[in-house]
file data.cif (mmCIF, C-alpha atoms and all ligand atoms)
data_query
loop_
_atom_site.label_atom_id
_atom_site.label_comp_id
_atom_site.auth_asym_id
_atom_site.auth_seq_id
_atom_site.Cartn_x
_atom_site.Cartn_y
_atom_site.Cartn_z
CA MET A 1 23.41 70.68 -34.27
CA SER A 2 21.48 67.51 -33.78
CA SER A 3 18.30 66.77 -31.98
CA SER A 4 17.53 64.11 -29.45
CA HIS A 5 14.21 63.55 -31.24
CA GLY A 6 15.76 61.94 -34.32
CA TYR A 7 15.61 64.88 -36.69
CA ASN A 8 18.16 67.47 -37.57
CA ILE A 9 16.95 70.85 -38.74
CA ALA A 10 20.34 72.20 -39.76
CA ASN A 11 20.93 69.27 -42.10
CA THR A 12 17.56 69.55 -43.86
CA ARG A 13 18.04 70.87 -47.38
CA THR A 14 16.90 70.29 -50.94
CA ASP A 15 18.79 70.94 -54.14
CA TYR A 16 16.45 72.46 -56.76
CA LEU A 17 16.89 70.97 -60.21
CA GLN A 18 13.54 71.16 -62.01
CA SER A 19 13.61 74.33 -64.02
CA SER A 20 15.10 77.75 -64.75
CA LEU A 21 13.82 81.27 -65.33
CA ASP A 22 15.17 83.88 -67.69
CA GLU A 23 14.25 87.45 -68.51
CA GLU A 24 12.60 86.53 -71.81
CA LYS A 25 10.28 83.92 -70.35
CA THR A 26 8.69 86.35 -67.92
CA GLY A 27 7.30 88.74 -70.60
CA ASP A 28 6.36 92.36 -69.89
CA ASN A 29 3.56 92.05 -67.40
CA PRO A 30 3.91 90.38 -63.99
CA ILE A 31 0.17 89.80 -63.56
CA ALA A 32 0.06 87.90 -66.85
CA PHE A 33 3.14 85.91 -65.87
CA PHE A 34 1.67 85.20 -62.41
CA LYS A 35 -1.40 83.74 -64.13
CA HIS A 36 0.87 81.64 -66.34
CA TRP A 37 2.73 80.24 -63.31
CA TYR A 38 -0.59 79.75 -61.49
CA GLY A 39 -1.75 77.66 -64.45
CA GLU A 40 1.42 75.57 -64.28
CA ALA A 41 0.99 75.17 -60.52
CA THR A 42 -2.60 74.02 -61.12
CA ASN A 43 -1.40 71.43 -63.64
CA ALA A 44 1.30 70.29 -61.21
CA MET A 45 -1.43 69.84 -58.54
CA VAL A 46 0.37 72.11 -56.12
CA ASN A 47 -1.07 71.62 -52.66
CA GLU A 48 -2.95 74.66 -51.24
CA ILE A 49 -1.98 76.56 -54.36
CA ASN A 50 -3.85 79.73 -53.38
CA ALA A 51 -2.52 79.86 -49.81
CA MET A 52 -0.23 82.85 -49.37
CA THR A 53 1.55 84.47 -46.48
CA LEU A 54 0.21 87.97 -45.89
CA ALA A 55 2.53 90.30 -44.01
CA THR A 56 1.16 93.52 -42.55
CA ILE A 57 2.52 96.31 -40.37
CA GLY A 58 1.01 96.58 -36.91
CA GLU A 59 -0.24 99.81 -35.41
CA ASP A 60 2.94 99.59 -33.30
CA GLY A 61 5.14 99.41 -36.44
CA LYS A 62 5.94 95.73 -35.92
CA PRO A 63 5.37 93.06 -38.60
CA HIS A 64 2.58 90.48 -38.44
CA ALA A 65 2.23 87.55 -40.85
CA ARG A 66 -0.30 84.80 -41.45
CA ILE A 67 -1.71 82.68 -44.27
CA VAL A 68 -4.80 83.75 -46.23
CA LEU A 69 -6.33 82.45 -49.45
CA LEU A 70 -6.07 84.28 -52.75
CA LYS A 71 -9.58 84.52 -54.20
CA ALA A 72 -9.06 86.61 -57.33
CA VAL A 73 -6.33 88.14 -59.41
CA ASP A 74 -6.90 90.71 -62.09
CA ASP A 75 -5.24 93.78 -63.56
CA ASP A 76 -6.13 95.66 -60.38
CA GLY A 77 -4.45 93.24 -58.01
CA PHE A 78 -4.66 90.27 -55.65
CA VAL A 79 -7.84 89.81 -53.59
CA PHE A 80 -8.40 87.97 -50.29
CA PHE A 81 -11.23 88.01 -47.76
CA THR A 82 -11.22 88.42 -44.02
CA ASN A 83 -12.75 90.02 -40.97
CA TYR A 84 -12.12 93.78 -41.12
CA ASN A 85 -11.96 93.89 -37.29
CA SER A 86 -9.20 91.26 -37.16
CA ARG A 87 -5.56 92.02 -36.39
CA LYS A 88 -4.76 92.18 -40.13
CA GLY A 89 -7.88 94.28 -40.81
CA LYS A 90 -6.79 96.88 -38.27
CA ASP A 91 -3.18 96.74 -39.47
CA LEU A 92 -4.24 97.40 -43.05
CA VAL A 93 -6.35 100.40 -42.12
CA ALA A 94 -3.46 101.92 -40.13
CA HIS A 95 -0.80 100.99 -42.73
CA PRO A 96 -2.35 100.20 -46.13
CA HIS A 97 0.66 98.31 -47.49
CA ALA A 98 1.28 94.57 -47.51
CA ALA A 99 3.52 91.80 -48.77
CA LEU A 100 2.30 88.44 -50.08
CA VAL A 101 4.37 85.29 -50.49
CA PHE A 102 3.46 82.08 -52.31
CA PHE A 103 5.62 78.94 -52.01
CA TRP A 104 4.89 76.34 -54.65
CA ASN A 105 7.08 73.55 -53.38
CA GLU A 106 6.18 71.06 -56.11
CA LEU A 107 7.60 73.46 -58.72
CA GLU A 108 10.41 74.85 -56.55
CA ARG A 109 8.94 78.33 -56.97
CA GLN A 110 8.25 81.35 -54.83
CA VAL A 111 6.34 84.50 -55.79
CA LYS A 112 6.57 87.69 -53.74
CA ILE A 113 4.18 90.61 -54.19
CA GLU A 114 4.33 93.99 -52.49
CA GLY A 115 1.90 96.83 -52.81
CA ARG A 116 -0.71 99.23 -51.61
CA VAL A 117 -3.91 97.79 -50.15
CA GLU A 118 -7.52 98.88 -50.57
CA LYS A 119 -10.81 97.45 -49.37
CA ILE A 120 -12.75 96.08 -52.33
CA SER A 121 -16.29 97.38 -52.93
CA GLU A 122 -19.23 96.15 -50.83
CA GLU A 123 -20.81 94.75 -54.00
CA GLU A 124 -17.73 92.62 -54.74
CA SER A 125 -17.59 91.39 -51.12
CA ILE A 126 -21.31 90.53 -51.14
CA ALA A 127 -20.97 88.66 -54.44
CA TYR A 128 -18.16 86.50 -53.06
CA PHE A 129 -19.80 86.04 -49.63
CA GLU A 130 -22.91 84.68 -51.31
CA SER A 131 -20.83 82.07 -53.15
CA ARG A 132 -19.45 80.63 -49.89
CA PRO A 133 -20.84 77.47 -48.26
CA GLU A 134 -23.50 78.07 -45.62
CA GLY A 135 -21.23 76.97 -42.75
CA SER A 136 -18.58 79.52 -43.70
CA ARG A 137 -21.20 82.26 -43.94
CA ILE A 138 -22.45 81.46 -40.42
CA GLY A 139 -18.84 81.22 -39.24
CA ALA A 140 -18.16 84.76 -40.44
CA TRP A 141 -20.87 85.95 -38.03
CA ALA A 142 -19.87 83.62 -35.20
CA SER A 143 -16.16 84.41 -34.90
CA PRO A 144 -14.90 87.74 -33.53
CA GLN A 145 -11.65 87.01 -35.35
CA SER A 146 -8.43 87.83 -33.45
CA SER A 147 -10.26 88.76 -30.21
CA GLU A 148 -9.55 86.83 -27.05
CA ILE A 149 -12.35 84.41 -26.18
CA GLU A 150 -12.79 82.64 -22.91
CA ASN A 151 -13.27 79.15 -24.30
CA ARG A 152 -14.33 77.10 -27.33
CA ASP A 153 -17.95 76.95 -26.10
CA ILE A 154 -18.44 80.64 -26.85
CA LEU A 155 -17.72 79.97 -30.52
CA GLU A 156 -20.10 77.01 -30.63
CA GLU A 157 -22.83 79.04 -28.91
CA ASN A 158 -22.34 81.89 -31.37
CA TYR A 159 -22.52 79.43 -34.24
CA GLN A 160 -25.79 77.97 -32.90
CA TYR A 161 -27.20 81.45 -32.31
CA TYR A 162 -26.54 82.63 -35.86
CA SER A 163 -27.67 79.32 -37.41
CA GLU A 164 -31.01 79.78 -35.63
CA LYS A 165 -31.21 83.49 -36.40
CA PHE A 166 -30.73 83.00 -40.15
CA LYS A 167 -32.46 79.63 -40.48
CA ASP A 168 -35.41 80.87 -42.51
CA GLY A 169 -33.78 83.37 -44.71
CA LYS A 170 -30.76 84.60 -46.47
CA ILE A 171 -27.51 84.89 -44.50
CA PRO A 172 -26.42 88.47 -45.10
CA LYS A 173 -22.75 89.42 -45.29
CA PRO A 174 -21.61 90.76 -41.91
CA PRO A 175 -20.69 94.45 -42.19
CA HIS A 176 -17.25 93.69 -40.71
CA TRP A 177 -16.40 91.04 -43.31
CA GLY A 178 -15.04 91.62 -46.81
CA GLY A 179 -12.15 91.71 -49.20
CA PHE A 180 -8.90 93.56 -49.56
CA ARG A 181 -7.02 94.06 -52.80
CA VAL A 182 -3.22 94.28 -52.92
CA ILE A 183 -2.31 96.53 -55.83
CA ALA A 184 1.09 95.26 -56.84
CA GLU A 185 4.04 97.63 -57.06
CA LYS A 186 6.66 94.87 -57.04
CA VAL A 187 6.37 91.23 -58.07
CA GLU A 188 9.26 88.78 -57.85
CA PHE A 189 9.40 85.35 -59.45
CA TRP A 190 11.87 82.92 -57.86
CA GLN A 191 12.87 79.63 -59.40
CA GLY A 192 15.02 77.29 -57.34
CA ARG A 193 18.27 76.18 -59.01
CA SER A 194 21.11 73.92 -58.07
CA SER A 195 23.67 74.92 -55.42
CA ARG A 196 21.58 77.91 -54.26
CA MET A 197 22.24 79.66 -57.61
CA HIS A 198 18.53 80.45 -57.95
CA ASP A 199 16.87 82.67 -60.56
CA ARG A 200 15.09 85.81 -59.34
CA ILE A 201 13.32 88.16 -61.72
CA GLN A 202 11.75 91.19 -60.07
CA PHE A 203 9.20 93.48 -61.72
CA PHE A 204 8.80 96.99 -60.37
CA LEU A 205 6.70 99.97 -61.40
CA ASP A 206 8.56 102.92 -62.82
CA ARG A 207 6.14 105.80 -63.49
CA SER A 208 3.31 103.33 -64.13
CA ILE A 209 5.41 101.20 -66.51
CA TRP A 210 6.48 97.70 -65.47
CA LYS A 211 10.22 97.21 -65.64
CA LYS A 212 12.20 94.18 -64.55
CA ARG A 213 15.60 93.30 -63.21
CA ARG A 214 17.46 90.21 -62.10
CA LEU A 215 18.39 89.92 -58.42
CA ALA A 216 21.15 87.82 -56.97
CA PRO A 217 19.86 84.76 -55.13
C1 LIG B 1 -4.48 77.45 -45.32
C2 LIG B 1 -5.05 78.62 -44.53
C3 LIG B 1 -5.92 79.49 -45.16
C4 LIG B 1 -6.45 80.58 -44.47
N1 LIG B 1 -7.25 81.47 -45.14
C5 LIG B 1 -7.71 82.57 -44.51
C6 LIG B 1 -8.43 83.57 -45.23
O1 LIG B 1 -8.63 83.49 -46.46
N2 LIG B 1 -8.90 84.63 -44.53
C7 LIG B 1 -8.68 84.78 -43.19
O2 LIG B 1 -9.13 85.76 -42.63
N3 LIG B 1 -7.96 83.88 -42.48
C8 LIG B 1 -7.47 82.77 -43.11
N4 LIG B 1 -6.72 81.85 -42.42
C9 LIG B 1 -6.49 82.08 -40.97
C10 LIG B 1 -5.35 83.10 -40.80
O3 LIG B 1 -4.10 82.49 -41.02
C11 LIG B 1 -5.35 83.77 -39.41
O4 LIG B 1 -5.26 82.79 -38.39
C12 LIG B 1 -6.61 84.60 -39.16
O5 LIG B 1 -7.02 85.30 -40.31
C13 LIG B 1 -6.36 85.63 -38.04
O6 LIG B 1 -5.26 86.43 -38.39
P1 LIG B 1 -4.94 87.84 -37.69
O7 LIG B 1 -5.27 87.68 -36.24
O8 LIG B 1 -3.51 88.10 -37.97
O9 LIG B 1 -5.85 88.87 -38.36
C14 LIG B 1 -6.14 80.77 -43.10
C15 LIG B 1 -5.25 79.88 -42.48
C16 LIG B 1 -4.70 78.85 -43.18
C17 LIG B 1 -3.71 77.94 -42.50
#

call {"tool": "encode", "arguments": {"input": "data.cif", "output": "structure tokens"}}
result
Amino acid sequence: MSSSHGYNIANTRTDYLQSSLDEEKTGDNPIAFFKHWYGEATNAMVNEINAMTLATIGEDGKPHARIVLLKAVDDDGFVFFTNYNSRKGKDLVAHPHAALVFFWNELERQVKIEGRVEKISEEESIAYFESRPEGSRIGAWASPQSSEIENRDILEENYQYYSEKFKDGKIPKPPHWGGFRVIAEKVEFWQGRSSRMHDRIQFFLDRSIWKKRRLAP
């Protein structure tokens, strides 16, 4: 399979040689180990380190996936922010379960998280909203995320309208904007190895206790 454009998708491959992962290294708690890997990814200057694929289930039962940014991780789970009226917002109300995937290319690592999803509290959403740059706060008002719009001008007009409206005061958090928390039930750490003989250690909850197992690559 070759391409007339000078590239060949089928022949694109990388052998992963950097590291390995064993059961002992991962400890007993996947959140703690996630933070450890996140620290290593920070040191390795992984590009877009907090970008993760978020997969949801549509109201029609079909999957939808897109990238969002991880904004917090704690014992309760993995938090991201969005428009609650968006496609993903509606999906998560209808089916409050999601999967997250990180790919940290520079370290040849993947992390997969699956779990139940809850909206975070209004107070938490307000606290984060207020930390965002002004342009992003206006943008949250200006964009009816995931709705069809006739043209780009509508967005620009909305942006101007809300800039003017909030010019003398505080920009409040829109009621339709806020965070979701994915409460992990499964977390898998994947380390690329040579010849596709990768390491996969999966944590899963068994009556509220984290257990782990090795999966074949
Ligand atoms: C690097 C990157 C980061 C993004 N971060 C977010 C985010 O944190 N929240 C968000 O709502 N959309 C984010 N987006 C946009 C989403 O991928 C998506 O286009 C948007 O949320 C609408 O998705 P939906 O129609 O499936 O709800 C990001 C996109 C990229 C490429």

call {"tool": "residues_near_point", "arguments": {"input": "data.cif", "point": "(6.6, 99.5, -66.8)", "cutoff": "12 Å", "atoms": "all atoms listed in the file", "output": "NGL selection string"}}
result
:A and (27-30 or 185-186 or 202-213)

call {"tool": "closest_residue", "arguments": {"input": "data.cif", "among": "A:Ala98, A:Leu54, A:Ala184, A:Ile154", "to": "ligand LIG 1 (chain B)", "atoms": "all atoms listed in the file"}}
result
A:Leu54

call {"tool": "closest_atom_pairs", "arguments": {"input": "data.cif", "of": "chain A", "to": "ligand LIG 1 (chain B)", "cutoff": "10 Å", "atoms": "all atoms listed in the file", "output": "Markdown table"}}
result
| residue | atom | partner | partner_atom | distance |
| --- | --- | --- | --- | --- |
| A:Asn47 | CA | B:LIG1 | C1 | 10.0 |
| A:Glu48 | CA | B:LIG1 | C1 | 6.7 |
| A:Ile49 | CA | B:LIG1 | C1 | 9.4 |
| A:Asn50 | CA | B:LIG1 | C1 | 8.4 |
| A:Ala51 | CA | B:LIG1 | C1 | 5.5 |
| A:Met52 | CA | B:LIG1 | C3 | 7.8 |
| A:Thr53 | CA | B:LIG1 | O3 | 8.1 |
| A:Leu54 | CA | B:LIG1 | O3 | 8.5 |
| A:Ala55 | CA | B:LIG1 | O8 | 8.8 |
| A:Thr56 | CA | B:LIG1 | O8 | 8.5 |
| A:Gly58 | CA | B:LIG1 | O8 | 9.7 |
| A:His64 | CA | B:LIG1 | O8 | 6.6 |
| A:Ala65 | CA | B:LIG1 | O8 | 6.4 |
| A:Arg66 | CA | B:LIG1 | O3 | 4.5 |
| A:Ile67 | CA | B:LIG1 | O3 | 4.0 |
| A:Val68 | CA | B:LIG1 | N1 | 3.5 |
| A:Leu69 | CA | B:LIG1 | O1 | 3.9 |
| A:Leu70 | CA | B:LIG1 | O1 | 6.8 |
| A:Lys71 | CA | B:LIG1 | O1 | 7.9 |
| A:Val79 | CA | B:LIG1 | O1 | 9.6 |
| A:Phe80 | CA | B:LIG1 | O1 | 5.9 |
| A:Phe81 | CA | B:LIG1 | N2 | 5.2 |
| A:Thr82 | CA | B:LIG1 | O2 | 3.7 |
| A:Asn83 | CA | B:LIG1 | O2 | 5.8 |
| A:Tyr84 | CA | B:LIG1 | O9 | 8.4 |
| A:Asn85 | CA | B:LIG1 | O9 | 8.0 |
| A:Ser86 | CA | B:LIG1 | O9 | 4.3 |
| A:Arg87 | CA | B:LIG1 | O9 | 3.7 |
| A:Lys88 | CA | B:LIG1 | O9 | 3.9 |
| A:Gly89 | CA | B:LIG1 | O9 | 6.3 |
| A:Lys90 | CA | B:LIG1 | O9 | 8.1 |
| A:Asp91 | CA | B:LIG1 | O9 | 8.4 |
| A:Leu92 | CA | B:LIG1 | O9 | 9.9 |
| A:Ala140 | CA | B:LIG1 | O2 | 9.3 |
| A:Pro144 | CA | B:LIG1 | C13 | 9.9 |
| A:Gln145 | CA | B:LIG1 | C13 | 6.1 |
| A:Ser146 | CA | B:LIG1 | O7 | 4.2 |
| A:Ser147 | CA | B:LIG1 | O7 | 7.9 |
| A:Trp177 | CA | B:LIG1 | O2 | 9.0 |
| A:Gly178 | CA | B:LIG1 | O2 | 9.3 |
| A:Gly179 | CA | B:LIG1 | N2 | 9.1 |

call {"tool": "write_last_selection", "arguments": {"input": "data.cif", "atoms": "C-alpha atoms", "output": "short mmCIF file (atom, residue, chain, number, x, y, z; two decimals), keeping the file's coordinate frame"}}
result
data_model
loop_
_atom_site.label_atom_id
_atom_site.label_comp_id
_atom_site.auth_asym_id
_atom_site.auth_seq_id
_atom_site.Cartn_x
_atom_site.Cartn_y
_atom_site.Cartn_z
CA ASN A 47 -1.07 71.62 -52.66
CA GLU A 48 -2.95 74.66 -51.24
CA ILE A 49 -1.98 76.56 -54.36
CA ASN A 50 -3.85 79.73 -53.38
CA ALA A 51 -2.52 79.86 -49.81
CA MET A 52 -0.23 82.85 -49.37
CA THR A 53 1.55 84.47 -46.48
CA LEU A 54 0.21 87.97 -45.89
CA ALA A 55 2.53 90.30 -44.01
CA THR A 56 1.16 93.52 -42.55
CA GLY A 58 1.01 96.58 -36.91
CA HIS A 64 2.58 90.48 -38.44
CA ALA A 65 2.23 87.55 -40.85
CA ARG A 66 -0.30 84.80 -41.45
CA ILE A 67 -1.71 82.68 -44.27
CA VAL A 68 -4.80 83.75 -46.23
CA LEU A 69 -6.33 82.45 -49.45
CA LEU A 70 -6.07 84.28 -52.75
CA LYS A 71 -9.58 84.52 -54.20
CA VAL A 79 -7.84 89.81 -53.59
CA PHE A 80 -8.40 87.97 -50.29
CA PHE A 81 -11.23 88.01 -47.76
CA THR A 82 -11.22 88.42 -44.02
CA ASN A 83 -12.75 90.02 -40.97
CA TYR A 84 -12.12 93.78 -41.12
CA ASN A 85 -11.96 93.89 -37.29
CA SER A 86 -9.20 91.26 -37.16
CA ARG A 87 -5.56 92.02 -36.39
CA LYS A 88 -4.76 92.18 -40.13
CA GLY A 89 -7.88 94.28 -40.81
CA LYS A 90 -6.79 96.88 -38.27
CA ASP A 91 -3.18 96.74 -39.47
CA LEU A 92 -4.24 97.40 -43.05
CA ALA A 140 -18.16 84.76 -40.44
CA PRO A 144 -14.90 87.74 -33.53
CA GLN A 145 -11.65 87.01 -35.35
CA SER A 146 -8.43 87.83 -33.45
CA SER A 147 -10.26 88.76 -30.21
CA TRP A 177 -16.40 91.04 -43.31
CA GLY A 178 -15.04 91.62 -46.81
CA GLY A 179 -12.15 91.71 -49.20
#

call {"tool": "residues_around", "arguments": {"input": "data.cif", "residues": "range 159-171 of chain A", "least_positions_apart": "3", "cutoff": "12 Å", "atoms": "all atoms listed in the file", "output": "list in words"}}
result
Ile126, Phe129, Glu130, Ser131, Arg132, Pro133, Glu134, Gly135, Ser136, Arg137, Ile138, Gly139, Ala140, Trp141, Ala142, Ser143, Pro144, Arg152, Asp153, Ile154, Leu155, Glu156, Pro174 and Pro175 of chain A

call {"tool": "closest_residue", "arguments": {"input": "data.cif", "among": "A:Ile57, A:Gln191, A:Trp104, A:Asn8", "to": "Gly39 in chain A", "atoms": "only C-alpha atoms"}}
result
A:Trp104

call {"tool": "atom_distance", "arguments": {"input": "data.cif", "atom1": "CA of Asp22 in chain A", "atom2": "CA of His97 in chain A"}}
result
28.8 Å

call {"tool": "atom_distance", "arguments": {"input": "data.cif", "atom1": "CA of Thr14 in chain A", "atom2": "CA of Pro217 in chain A"}}
result
15.4 Å

call {"tool": "residues_around", "arguments": {"input": "data.cif", "residues": "range 108-115 of chain A", "least_positions_apart": "2", "cutoff": "9 Å", "atoms": "all atoms listed in the file", "output": "tab-separated table (two decimals) with C-alpha atoms, keeping the file's coordinate frame"}}
result
chain	number	residue	atom	x	y	z
A	16	TYR	CA	16.45	72.46	-56.76
A	17	LEU	CA	16.89	70.97	-60.21
A	18	GLN	CA	13.54	71.16	-62.01
A	19	SER	CA	13.61	74.33	-64.02
A	34	PHE	CA	1.67	85.20	-62.41
A	77	GLY	CA	-4.45	93.24	-58.01
A	78	PHE	CA	-4.66	90.27	-55.65
A	96	PRO	CA	-2.35	100.20	-46.13
A	97	HIS	CA	0.66	98.31	-47.49
A	98	ALA	CA	1.28	94.57	-47.51
A	99	ALA	CA	3.52	91.80	-48.77
A	100	LEU	CA	2.30	88.44	-50.08
A	101	VAL	CA	4.37	85.29	-50.49
A	102	PHE	CA	3.46	82.08	-52.31
A	103	PHE	CA	5.62	78.94	-52.01
A	104	TRP	CA	4.89	76.34	-54.65
A	105	ASN	CA	7.08	73.55	-53.38
A	106	GLU	CA	6.18	71.06	-56.11
A	117	VAL	CA	-3.91	97.79	-50.15
A	182	VAL	CA	-3.22	94.28	-52.92
A	183	ILE	CA	-2.31	96.53	-55.83
A	184	ALA	CA	1.09	95.26	-56.84
A	185	GLU	CA	4.04	97.63	-57.06
A	186	LYS	CA	6.66	94.87	-57.04
A	187	VAL	CA	6.37	91.23	-58.07
A	188	GLU	CA	9.26	88.78	-57.85
A	189	PHE	CA	9.40	85.35	-59.45
A	190	TRP	CA	11.87	82.92	-57.86
A	191	GLN	CA	12.87	79.63	-59.40
A	192	GLY	CA	15.02	77.29	-57.34
A	193	ARG	CA	18.27	76.18	-59.01
A	202	GLN	CA	11.75	91.19	-60.07

call {"tool": "atom_distance", "arguments": {"input": "data.cif", "atom1": "CA of Tyr128 in chain A", "atom2": "CA of Asp74 in chain A"}}
result
15.0 Å

call {"tool": "closest_residue", "arguments": {"input": "data.cif", "among": "A:Asp199, A:Asp76, A:Glu122, A:Glu148", "to": "Lys25 in chain A", "atoms": "only C-alpha atoms"}}
result
A:Asp199

call {"tool": "closest_residue", "arguments": {"input": "data.cif", "among": "A:Ala72, A:Val46, A:Tyr7, A:Asp60", "to": "Ile31 in chain A", "atoms": "all atoms listed in the file"}}
result
A:Ala72
